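**Q** Once you've had a glance at the structure underneath, I'll fire off some questions.
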Amino acid sequence: MNWFWRLLLGTLLIGAVILGGTMFRVWQTARVDGDRPVDAVVVLGAAQYDGEPSPILAARLKHAIALYKEGLAPRIVTVGGNRVGDEYTEAEAGTRYLVRGGVPASAITTVAEGSDTLGSLKAVAATARAAGWGSALIVSDPWHSLRARTMARDEGLEAWTSPTRSGPIVQTRETQARYIVRETGALLYYRLTHASAETESSGLG
């Protein structure tokens with residue numbers, strides 16, 4: 001075997017190890033609840049329809065309410081912007097839902113910015129610095145947890161994750177497997193570029 005084929009085989013083996021290791025970390029982090037006292041519970045945005053959260057966003061918000069009622073944080077942060085033509089942002093829809101769920105408006109911080117996870121977490125980190133707090137429990141879907149936590153920590157937040165255990169994304173094994181593969185690719189892309197792989201058509205939350 002000449003040097004070229006050895007180099008090619010070595011490169012493929014390294015790539016397989018990195019890919020498999022990242023996929024395992026995505027799966028492992030999805031199974032862990034990092035619940036602990038923090039400064040804020042941060043609910044990452046998802047689609048909303050005329051001010052009403054989509055089933056995915058509603059599942060995240062329900063989980064955030066439970067964490068707040070457990071006394072793990074004095075505030076919930078909703079985050080996420082809107083698309084052209086939307087009357088409400090994802091953050092505003094989330095805030096409306098939380099108030100209806102019994103969370104005092106004074107305990108909610110609405111950060112109506114961000115069209116993807118990275119943009120949203122940059123906005124949350126800026127808000128945290130201005131307000132003087134820095135630790136957070138990030139609420140999102142299980143498979144999204146590792147990428148969200150990585151981005152949050154890169155932005156200076158002391159972050160852990162508390163994944164949802166309900167909603168459309170955790171209903172079937174086929175759906176779970178699809179999202180694990182997507183998140184593995186998105187996380188590797190972020191680690192290489194420090195940019196978001198998310199677009200409106202990517203299917204990434």
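Lettering and numbering for the structure tokens are positional, with chains as A, B, ... in the shown order, residues counted from 1 in each chain, and ligands counted from 1 in the shown order.
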So that each row is one residue of range 61-121 of chain A with an atom at most 8 Å from range 183-199 of chain A, can you give its shortest atom pair and the distance in Å to one decimal, using only C-alpha atoms, rows by chain and rising number, as CSV?
**A**
```
residue,atom,partner,partner_atom,distance
A:Asp116,CA,A:Glu198,CA,6.2
A:Thr117,CA,A:Ser196,CA,7.5
A:Leu118,CA,A:Ser196,CA,6.1
```
**Q** Quick check for you: according to DSSP on this backbone, which residues of range 122-157 of chain A are classed as strand (DSSP E)? Reply as a ChimeraX atom specification.
**A** /A:135-139
**Q** Please dump the current selection as a tab-separated table (two decimals), in the first residue's frame; keep all heavy atoms.
**A**
```
chain	number	residue	atom	x	y	z
A	135	SER	N	-25.81	32.53	34.25
A	135	SER	CA	-26.02	31.09	34.19
A	135	SER	C	-27.43	30.79	33.68
A	135	SER	O	-28.37	31.53	33.96
A	135	SER	CB	-25.81	30.44	35.56
A	135	SER	OG	-26.74	30.93	36.52
A	136	ALA	N	-27.54	29.68	32.94
A	136	ALA	CA	-28.82	29.40	32.29
A	136	ALA	C	-29.04	27.91	32.10
A	136	ALA	O	-28.09	27.14	31.90
A	136	ALA	CB	-28.90	30.10	30.94
A	137	LEU	N	-30.30	27.53	32.17
A	137	LEU	CA	-30.76	26.22	31.72
A	137	LEU	C	-31.41	26.44	30.36
A	137	LEU	O	-32.38	27.20	30.25
A	137	LEU	CB	-31.79	25.63	32.68
A	137	LEU	CG	-31.31	24.73	33.81
A	137	LEU	CD1	-32.50	24.30	34.67
A	137	LEU	CD2	-30.59	23.50	33.27
A	138	ILE	N	-30.89	25.81	29.34
A	138	ILE	CA	-31.43	25.97	28.00
A	138	ILE	C	-32.45	24.88	27.74
A	138	ILE	O	-32.15	23.69	27.87
A	138	ILE	CB	-30.32	25.93	26.95
A	138	ILE	CG1	-29.34	27.07	27.19
A	138	ILE	CG2	-30.90	26.01	25.54
A	138	ILE	CD1	-28.15	27.04	26.28
A	139	VAL	N	-33.65	25.29	27.37
A	139	VAL	CA	-34.72	24.35	27.07
A	139	VAL	C	-34.90	24.27	25.57
A	139	VAL	O	-35.18	25.27	24.90
A	139	VAL	CB	-36.04	24.78	27.74
A	139	VAL	CG1	-37.19	23.87	27.29
A	139	VAL	CG2	-35.90	24.75	29.25
```
**Q** Pull the helix (DSSP H, G or I) assignments for range 19-130 of chain A out of DSSP run on the backbone, and list those residues as a PyMOL selection string.
**A** chain A and resi 19-30+55-69+90-100+105-107+117-130
**Q** Which residues of range 107-126 of chain A come within 10 Å of range 141-157 of chain A, and what is each one's closest atom pair and distance in Å (one decimal), counting only C-alpha atoms, sorted by chain and residue number, as a Markdown table?
**A**
```
| residue | atom | partner | partner_atom | distance |
| --- | --- | --- | --- | --- |
| A:Thr117 | CA | A:Ala148 | CA | 6.8 |
| A:Leu118 | CA | A:Met151 | CA | 6.4 |
| A:Gly119 | CA | A:Met151 | CA | 9.7 |
| A:Ser120 | CA | A:Ala152 | CA | 9.5 |
| A:Leu121 | CA | A:Ala152 | CA | 5.9 |
| A:Lys122 | CA | A:Glu155 | CA | 6.3 |
| A:Ala123 | CA | A:Glu155 | CA | 9.5 |
| A:Val124 | CA | A:Ala152 | CA | 8.7 |
| A:Ala125 | CA | A:Glu155 | CA | 6.2 |
| A:Ala126 | CA | A:Glu155 | CA | 8.7 |
```
**Q** Which residues, written as a VMD selection string, have at least one atom at most 10 Å from Gly102 in chain A, with only C-alpha atoms counted and residues fewer than 4 positions away on the same chain left out?
**A** chain A and resid 65 69 97 to 98
**Q** Can you write just those residues out, C-alpha atoms, as a PDB file, in the first residue's frame?
**A**
```pdb
ATOM      1  CA  ILE A  65     -42.978  26.471  33.248  1.00  0.00           C
ATOM      2  CA  LYS A  69     -42.380  26.320  39.327  1.00  0.00           C
ATOM      3  CA  TYR A  97     -48.115  31.393  26.423  1.00  0.00           C
ATOM      4  CA  LEU A  98     -46.139  31.637  29.666  1.00  0.00           C
TER       5      LEU A  98
END
```
**Q** Tell me which protein, DNA and RNA residues are within 6 Å of range 85-90 of chain A, counting only C-alpha atoms, leaving out same-chain ones fewer than 3 positions away, and put them as a list of chain:residue names.
**A**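 My list of contacting residues is A:Gly45, A:Gln48, A:Gly51, A:Gly80, A:Gly81, A:Asn82, A:Ala93.
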**Q** Can you write out the residues you just picked, keeping all heavy atoms, as an mmCIF file, in the first residue's frame?
**A**
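Saved file selection.cif follows:
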```cif
data_model
loop_
_atom_site.group_PDB
_atom_site.id
_atom_site.type_symbol
_atom_site.label_atom_id
_atom_site.label_comp_id
_atom_site.auth_asym_id
_atom_site.auth_seq_id
_atom_site.Cartn_x
_atom_site.Cartn_y
_atom_site.Cartn_z
ATOM 1 N N GLY A 45 -36.477 29.446 20.588
ATOM 2 C CA GLY A 45 -37.670 29.634 19.776
ATOM 3 C C GLY A 45 -37.897 28.529 18.761
ATOM 4 O O GLY A 45 -36.995 27.763 18.404
ATOM 5 N N GLN A 48 -44.163 29.848 15.315
ATOM 6 C CA GLN A 48 -45.407 30.305 15.939
ATOM 7 C C GLN A 48 -46.351 30.731 14.816
ATOM 8 O O GLN A 48 -45.926 31.089 13.728
ATOM 9 C CB GLN A 48 -45.139 31.452 16.915
ATOM 10 C CG GLN A 48 -44.499 32.693 16.296
ATOM 11 C CD GLN A 48 -45.485 33.628 15.627
ATOM 12 O OE1 GLN A 48 -46.649 33.722 16.038
ATOM 13 N NE2 GLN A 48 -45.033 34.327 14.587
ATOM 14 N N GLY A 51 -49.186 34.320 16.789
ATOM 15 C CA GLY A 51 -49.071 34.479 18.233
ATOM 16 C C GLY A 51 -49.248 33.213 19.037
ATOM 17 O O GLY A 51 -49.074 33.234 20.260
ATOM 18 N N GLY A 80 -36.286 34.645 20.075
ATOM 19 C CA GLY A 80 -36.600 34.313 18.687
ATOM 20 C C GLY A 80 -37.305 35.455 17.978
ATOM 21 O O GLY A 80 -38.190 36.096 18.546
ATOM 22 N N GLY A 81 -36.891 35.713 16.749
ATOM 23 C CA GLY A 81 -37.491 36.780 15.952
ATOM 24 C C GLY A 81 -38.691 36.300 15.163
ATOM 25 O O GLY A 81 -39.366 35.345 15.547
ATOM 26 N N ASN A 82 -38.950 36.968 14.054
ATOM 27 C CA ASN A 82 -40.079 36.583 13.217
ATOM 28 C C ASN A 82 -39.669 36.580 11.757
ATOM 29 O O ASN A 82 -38.606 37.054 11.377
ATOM 30 C CB ASN A 82 -41.269 37.517 13.436
ATOM 31 C CG ASN A 82 -40.919 38.972 13.134
ATOM 32 O OD1 ASN A 82 -39.784 39.301 12.797
ATOM 33 N ND2 ASN A 82 -41.894 39.852 13.258
ATOM 34 N N ALA A 93 -44.704 35.256 21.165
ATOM 35 C CA ALA A 93 -45.665 34.157 21.272
ATOM 36 C C ALA A 93 -45.375 33.321 22.518
ATOM 37 O O ALA A 93 -46.299 32.887 23.231
ATOM 38 C CB ALA A 93 -45.608 33.281 20.022
#
```
